[in-house]
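*Asks:* The following file, entry.cif, comprises mmCIF, C-alpha atoms and all ligand atoms:
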data_start
#
loop_
_atom_site.group_PDB
_atom_site.id
_atom_site.type_symbol
_atom_site.label_atom_id
_atom_site.label_comp_id
_atom_site.auth_asym_id
_atom_site.auth_seq_id
_atom_site.Cartn_x
_atom_site.Cartn_y
_atom_site.Cartn_z
ATOM 1 C CA MET Y 1 -34.998 7.699 16.072
ATOM 2 C CA LYS Y 2 -34.332 11.102 14.574
ATOM 3 C CA SER Y 3 -36.500 13.414 16.601
ATOM 4 C CA MET Y 4 -38.260 13.613 19.930
ATOM 5 C CA LEU Y 5 -40.291 16.063 21.968
ATOM 6 C CA ILE Y 6 -40.293 16.061 25.752
ATOM 7 C CA THR Y 7 -42.269 18.329 28.075
ATOM 8 C CA GLY Y 8 -41.150 19.447 31.518
ATOM 9 C CA ALA Y 9 -37.600 19.316 30.228
ATOM 10 C CA ASN Y 10 -36.012 21.871 32.556
ATOM 11 C CA ARG Y 11 -35.646 19.777 35.704
ATOM 12 C CA GLY Y 12 -36.417 16.489 37.415
ATOM 13 C CA LEU Y 13 -36.996 13.375 35.349
ATOM 14 C CA GLY Y 14 -37.418 15.338 32.116
ATOM 15 C CA PHE Y 15 -34.026 16.979 32.335
ATOM 16 C CA GLY Y 16 -32.522 13.700 33.562
ATOM 17 C CA MET Y 17 -33.928 11.820 30.568
ATOM 18 C CA ILE Y 18 -32.368 14.311 28.165
ATOM 19 C CA LYS Y 19 -28.980 13.944 29.844
ATOM 20 C CA ALA Y 20 -29.308 10.147 29.781
ATOM 21 C CA ILE Y 21 -30.250 10.202 26.086
ATOM 22 C CA LEU Y 22 -27.255 12.396 25.271
ATOM 23 C CA ASN Y 23 -25.023 9.834 26.989
ATOM 24 C CA GLN Y 24 -26.165 7.067 24.647
ATOM 25 C CA PRO Y 25 -23.952 5.922 21.753
ATOM 26 C CA LYS Y 26 -23.998 8.604 19.068
ATOM 27 C CA GLU Y 27 -26.118 6.531 16.666
ATOM 28 C CA ASN Y 28 -28.877 6.354 19.303
ATOM 29 C CA VAL Y 29 -29.002 10.082 20.049
ATOM 30 C CA PRO Y 30 -31.833 11.876 18.209
ATOM 31 C CA GLN Y 31 -30.759 14.532 15.749
ATOM 32 C CA ILE Y 32 -33.440 16.790 17.191
ATOM 33 C CA ILE Y 33 -34.544 16.952 20.828
ATOM 34 C CA VAL Y 34 -37.331 19.483 21.292
ATOM 35 C CA ALA Y 35 -37.233 20.351 24.988
ATOM 36 C CA ALA Y 36 -40.362 22.120 26.206
ATOM 37 C CA CYS Y 37 -40.558 24.000 29.468
ATOM 38 C CA ARG Y 38 -42.777 26.755 30.753
ATOM 39 C CA LYS Y 39 -40.059 29.269 31.610
ATOM 40 C CA PRO Y 40 -37.145 28.913 29.194
ATOM 41 C CA ASP Y 41 -35.516 32.109 30.505
ATOM 42 C CA GLU Y 42 -35.219 30.513 33.940
ATOM 43 C CA ALA Y 43 -34.174 27.064 32.700
ATOM 44 C CA ASN Y 44 -30.472 27.659 33.284
ATOM 45 C CA GLU Y 45 -29.310 24.030 33.313
ATOM 46 C CA LEU Y 46 -31.284 23.201 30.183
ATOM 47 C CA GLN Y 47 -30.012 26.339 28.446
ATOM 48 C CA ALA Y 48 -26.441 25.357 29.337
ATOM 49 C CA LEU Y 49 -27.003 21.845 27.982
ATOM 50 C CA ALA Y 50 -28.490 23.266 24.777
ATOM 51 C CA ALA Y 51 -25.474 25.542 24.378
ATOM 52 C CA GLU Y 52 -23.275 22.420 24.357
ATOM 53 C CA ASN Y 53 -25.603 20.274 22.231
ATOM 54 C CA SER Y 54 -26.937 21.825 19.046
ATOM 55 C CA ASN Y 55 -29.566 19.064 18.675
ATOM 56 C CA ILE Y 56 -31.484 20.484 21.662
ATOM 57 C CA ARG Y 57 -34.124 23.055 20.760
ATOM 58 C CA ILE Y 58 -35.964 24.721 23.614
ATOM 59 C CA LEU Y 59 -39.599 25.800 23.262
ATOM 60 C CA GLN Y 60 -41.952 27.411 25.750
ATOM 61 C CA LEU Y 61 -45.041 25.481 26.835
ATOM 62 C CA GLU Y 62 -47.319 25.911 29.823
ATOM 63 C CA SER Y 63 -49.396 22.720 30.023
ATOM 64 C CA LYS Y 64 -52.490 24.626 31.200
ATOM 65 C CA ASP Y 65 -52.387 26.875 28.140
ATOM 66 C CA LEU Y 66 -54.360 24.481 25.958
ATOM 67 C CA ASP Y 67 -55.154 27.227 23.446
ATOM 68 C CA ARG Y 68 -51.448 27.529 22.648
ATOM 69 C CA TYR Y 69 -51.039 23.874 21.685
ATOM 70 C CA PRO Y 70 -51.719 24.335 17.946
ATOM 71 C CA ALA Y 71 -49.202 27.202 17.710
ATOM 72 C CA PHE Y 72 -46.721 25.169 19.754
ATOM 73 C CA THR Y 73 -47.127 22.228 17.378
ATOM 74 C CA LYS Y 74 -46.455 24.578 14.456
ATOM 75 C CA GLU Y 75 -43.195 25.569 16.154
ATOM 76 C CA VAL Y 76 -42.305 21.880 16.556
ATOM 77 C CA ALA Y 77 -43.191 21.246 12.897
ATOM 78 C CA ASP Y 78 -40.932 24.105 11.803
ATOM 79 C CA ILE Y 79 -38.061 22.456 13.688
ATOM 80 C CA VAL Y 80 -38.557 18.819 12.656
ATOM 81 C CA LYS Y 81 -39.690 19.704 9.108
ATOM 82 C CA ASP Y 82 -40.514 16.813 6.751
ATOM 83 C CA GLY Y 83 -38.771 14.311 8.995
ATOM 84 C CA GLY Y 84 -41.665 14.545 11.414
ATOM 85 C CA LEU Y 85 -41.628 13.549 15.032
ATOM 86 C CA ASP Y 86 -40.646 10.065 16.201
ATOM 87 C CA LEU Y 87 -41.255 10.270 19.941
ATOM 88 C CA LEU Y 88 -43.353 12.365 22.292
ATOM 89 C CA ILE Y 89 -42.722 12.120 26.023
ATOM 90 C CA ASN Y 90 -45.493 13.748 28.027
ATOM 91 C CA ASN Y 91 -43.411 14.252 31.157
ATOM 92 C CA ALA Y 92 -44.551 17.607 32.580
ATOM 93 C CA GLY Y 93 -46.733 16.990 35.563
ATOM 94 C CA ILE Y 94 -47.677 17.839 39.085
ATOM 95 C CA GLY Y 95 -46.868 15.341 41.821
ATOM 96 C CA SER Y 96 -49.357 14.295 44.434
ATOM 97 C CA ARG Y 97 -50.427 17.204 46.628
ATOM 98 C CA PHE Y 98 -53.484 15.590 48.130
ATOM 99 C CA HIS Y 99 -52.727 13.587 51.220
ATOM 100 C CA ARG Y 100 -55.564 14.745 53.495
ATOM 101 C CA ILE Y 101 -59.175 15.301 52.452
ATOM 102 C CA GLY Y 102 -59.347 18.337 54.731
ATOM 103 C CA MET Y 103 -56.631 20.044 52.700
ATOM 104 C CA VAL Y 104 -58.147 19.427 49.258
ATOM 105 C CA LYS Y 105 -59.007 22.501 47.169
ATOM 106 C CA SER Y 106 -61.132 22.205 44.053
ATOM 107 C CA ASP Y 107 -59.011 24.622 42.013
ATOM 108 C CA GLU Y 108 -55.898 22.569 42.754
ATOM 109 C CA LEU Y 109 -57.706 19.357 41.770
ATOM 110 C CA ILE Y 110 -58.769 20.946 38.479
ATOM 111 C CA GLU Y 111 -55.253 22.281 37.839
ATOM 112 C CA THR Y 112 -53.729 18.853 38.499
ATOM 113 C CA PHE Y 113 -56.257 17.150 36.225
ATOM 114 C CA THR Y 114 -55.558 19.684 33.481
ATOM 115 C CA VAL Y 115 -51.768 19.393 33.687
ATOM 116 C CA ASN Y 116 -51.537 15.624 34.268
ATOM 117 C CA THR Y 117 -54.403 14.332 32.149
ATOM 118 C CA VAL Y 118 -56.035 16.825 29.770
ATOM 119 C CA GLY Y 119 -52.733 18.389 28.683
ATOM 120 C CA PRO Y 120 -50.947 15.149 27.686
ATOM 121 C CA ILE Y 121 -53.977 13.869 25.787
ATOM 122 C CA MET Y 122 -54.525 17.129 23.900
ATOM 123 C CA LEU Y 123 -50.814 17.583 23.187
ATOM 124 C CA THR Y 124 -50.700 14.078 21.759
ATOM 125 C CA LYS Y 125 -53.762 14.850 19.644
ATOM 126 C CA VAL Y 126 -52.415 18.087 18.125
ATOM 127 C CA ASN Y 127 -49.054 16.466 17.388
ATOM 128 C CA LEU Y 128 -50.516 13.438 15.593
ATOM 129 C CA PRO Y 129 -50.055 14.988 12.113
ATOM 130 C CA LEU Y 130 -46.310 15.280 12.754
ATOM 131 C CA PHE Y 131 -46.100 11.534 13.312
ATOM 132 C CA SER Y 132 -47.613 10.813 9.929
ATOM 133 C CA PHE Y 133 -44.476 12.319 8.365
ATOM 134 C CA SER Y 134 -42.231 10.030 10.356
ATOM 135 C CA LYS Y 135 -40.961 6.758 8.931
ATOM 136 C CA GLU Y 136 -39.758 5.663 12.357
ATOM 137 C CA LYS Y 137 -41.837 3.773 14.870
ATOM 138 C CA LYS Y 138 -44.381 6.068 16.452
ATOM 139 C CA ILE Y 139 -44.297 6.042 20.228
ATOM 140 C CA PHE Y 140 -46.136 8.034 22.836
ATOM 141 C CA GLU Y 141 -44.925 7.914 26.393
ATOM 142 C CA ASN Y 142 -47.060 9.319 29.157
ATOM 143 C CA ILE Y 143 -45.583 9.574 32.605
ATOM 144 C CA PHE Y 144 -48.318 9.424 35.177
ATOM 145 C CA SER Y 145 -48.407 9.493 38.917
ATOM 146 C CA LYS Y 146 -50.494 7.014 40.832
HETATM 147 N N1 LIG Y 201 -40.456 11.399 40.536
HETATM 148 C C1 LIG Y 201 -41.263 10.367 40.747
HETATM 149 O O1 LIG Y 201 -41.039 9.507 41.617
HETATM 150 C C2 LIG Y 201 -42.496 10.177 39.904
HETATM 151 C C3 LIG Y 201 -43.305 9.073 40.116
HETATM 152 C C4 LIG Y 201 -44.423 8.901 39.308
HETATM 153 C C5 LIG Y 201 -44.708 9.799 38.325
HETATM 154 N N2 LIG Y 201 -43.927 10.877 38.151
HETATM 155 C C6 LIG Y 201 -44.293 11.799 37.104
HETATM 156 O O2 LIG Y 201 -43.160 12.031 36.281
HETATM 157 C C7 LIG Y 201 -43.185 13.364 35.802
HETATM 158 C C8 LIG Y 201 -41.903 14.079 36.192
HETATM 159 O O3 LIG Y 201 -41.715 13.928 37.578
HETATM 160 P P1 LIG Y 201 -40.542 14.704 38.315
HETATM 161 O O4 LIG Y 201 -40.250 13.934 39.549
HETATM 162 O O5 LIG Y 201 -39.449 14.998 37.362
HETATM 163 O O6 LIG Y 201 -41.305 16.051 38.730
HETATM 164 P P2 LIG Y 201 -40.683 17.499 39.024
HETATM 165 O O7 LIG Y 201 -39.265 17.406 39.440
HETATM 166 O O8 LIG Y 201 -41.668 18.140 39.945
HETATM 167 O O9 LIG Y 201 -40.721 18.216 37.601
HETATM 168 C C9 LIG Y 201 -41.959 18.455 37.022
HETATM 169 C C10 LIG Y 201 -41.733 19.052 35.659
HETATM 170 O O10 LIG Y 201 -43.029 19.313 35.113
HETATM 171 C C11 LIG Y 201 -43.090 20.712 34.831
HETATM 172 N N3 LIG Y 201 -44.421 21.255 35.018
HETATM 173 C C12 LIG Y 201 -45.178 21.220 36.132
HETATM 174 N N4 LIG Y 201 -46.319 21.887 35.940
HETATM 175 C C13 LIG Y 201 -46.268 22.351 34.662
HETATM 176 C C14 LIG Y 201 -47.146 23.115 33.865
HETATM 177 N N5 LIG Y 201 -48.319 23.561 34.343
HETATM 178 N N6 LIG Y 201 -46.778 23.396 32.593
HETATM 179 C C15 LIG Y 201 -45.598 22.980 32.110
HETATM 180 N N7 LIG Y 201 -44.711 22.251 32.807
HETATM 181 C C16 LIG Y 201 -45.059 21.945 34.069
HETATM 182 C C17 LIG Y 201 -42.109 21.367 35.779
HETATM 183 O O11 LIG Y 201 -41.784 22.654 35.290
HETATM 184 P P3 LIG Y 201 -41.425 23.888 36.298
HETATM 185 O O12 LIG Y 201 -39.975 23.731 36.631
HETATM 186 O O13 LIG Y 201 -41.732 25.100 35.487
HETATM 187 O O14 LIG Y 201 -42.302 23.742 37.508
HETATM 188 C C18 LIG Y 201 -40.979 20.382 35.717
HETATM 189 O O15 LIG Y 201 -40.225 20.550 34.551
HETATM 190 C C19 LIG Y 201 -44.420 14.025 36.398
HETATM 191 O O16 LIG Y 201 -45.479 13.923 35.479
HETATM 192 C C20 LIG Y 201 -44.688 13.178 37.616
HETATM 193 O O17 LIG Y 201 -46.045 13.218 38.002
HETATM 194 C C21 LIG Y 201 -42.825 11.086 38.906
#
Go through the file and emit its structure as structure tokens.
*Replies:*
Amino acid sequence: MKSMLITGANRGLGFGMIKAILNQPKENVPQIIVAACRKPDEANELQALAAENSNIRILQLESKDLDRYPAFTKEVADIVKDGGLDLLINNAGIGSRFHRIGMVKSDELIETFTVNTVGPIMLTKVNLPLFSFSKEKKIFENIFSK
């Protein structure tokens, strides 16, 4: 695998996956890891990791900003070039907030649905052309909550 894109890369499982991938034998570490997060300027740990690992490229992406997806994909394409993209990990997400029906708010439900469901599907869709350039196996990983 030469290239991968992961969302929600600044903390939690996303950041942990990048660190775990970097700890693999060299031949298994992608040459390009596009690490997307919504506030790169505040992603201090990810920035520090990228400073030590030139294969990490940080891009800004707010999952709710669906209109930005095509421009974001262009940025990814400019990084991976003709090699294309081999792996997309849709990791960014909002954990369960809804434990009691009395606390449920419609705007929070809609936000969660957008970030956890609409975003990953649309991001996968706009990135499909990048996979057609890739000779590697094409894999999409979506990390969902129950
Ligand atoms: N941890 C678990 O036990 C577990 C279990 C099942 C599923 N999952 C799923 O696995 C994924 C990662 O979980 P986690 O435990 O690592 O969660 P986390 O620590 O809360 O991290 C969530 C990540 O998603 C990003 N994110 C949230 N809302 C976003 C938005 N609107 N736009 C862009 N990025 C956004 C966060 O960025 P900010 O730092 O900017 O907020 C952060 O990088 C999530 O999809 C979660 O639902 C986790």
*Asks:* Name each residue within 7 Å of ligand LIG 201 (chain Y), counting only C-alpha atoms and all ligand atoms, as a list in words.
*Replies:* Thr7, Gly8, Ala9, Asn10, Arg11, Gly12, Leu13, Gly14, Cys37, Arg38, Lys39, Leu61, Glu62, Ser63, Lys64, Asn91, Ala92, Gly93, Ile94, Gly95, Val115, Asn116, Ile143, Phe144, Ser145 and Lys146 of chain Y
*Asks:* Hey, can you check how far CA of Glu52 (chain Y) sits from CA of Gln31 (chain Y)?
*Replies:*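 So the answer is 13.9 Å.
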*Asks:* Determine the residue membership of the PyMOL selection byres (((chain Y and resi 71-81) around 10) and not hetatm) for the file above and supply it as a PyMOL selection string.
*Replies:* chain Y and resi 2-5+31-36+57-61+66-70+82-86+123-124+126-130+133-134
*Asks:* So the first atom is CA of Val118 (chain Y) and the second is CA of Ile18 (chain Y); what is the distance between them in Å, to one decimal place?
*Replies:*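 Taking CA of Val118 (chain Y) and CA of Ile18 (chain Y), their separation equals 23.9 Å.
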*Asks:* The centre and edge lengths of an axis-aligned box containing all atoms of region 82-92 of chain Y present in the file, extended by 3 Å on each side, are to be given in Å to one decimal, as JSON.
*Replies:*
{"center_x": -42.1, "center_y": 13.8, "center_z": 19.7, "size_x": 12.7, "size_y": 13.5, "size_z": 31.8}
*Asks:* When you draw a straight line from CA of Met122 (chain Y) to CA of Asp65 (chain Y), how long is it in Å?
*Replies:*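 Spanning CA of Met122 (chain Y) to CA of Asp65 (chain Y) is a straight-line distance of 10.8 Å.
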*Asks:* Excluding Asn28 (chain Y) and residues on its chain fewer than 5 positions from it, collect all residues at most 10 Å away from it, counting only C-alpha atoms, and give them as a list in words.
*Replies:*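 Counting only the stated atoms, we get Met1, Lys2, Ile21, Leu22 and Asn23 of chain Y.
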*Asks:* For Ile89 (chain Y), which residue out of Y:Ala43, Y:Leu49, Y:Ile101, Y:Ile121 is the nearest one, using all atoms listed in the file?
*Replies:*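 Residue with the minimum atom-to-atom distance to Ile89 (chain Y): Y:Ile121.
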*Asks:* Using only C-alpha atoms, find the one residue out of Y:Leu87, Y:Met17, Y:Ala48, Y:Gly119 that sits nearest to Lys135 (chain Y).
*Replies:*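 Of Y:Leu87, Y:Met17, Y:Ala48, Y:Gly119, the one nearest Lys135 (chain Y), counting only C-alpha atoms, is Y:Leu87.
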*Asks:* For Leu46 (chain Y), which residue among Y:Lys125, Y:Lys19, Y:Lys26, Y:Arg97 is the nearest when counting all atoms listed in the file?
*Replies:*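 Of Y:Lys125, Y:Lys19, Y:Lys26, Y:Arg97, the one nearest Leu46 (chain Y) is Y:Lys19, counting all atoms listed in the file.
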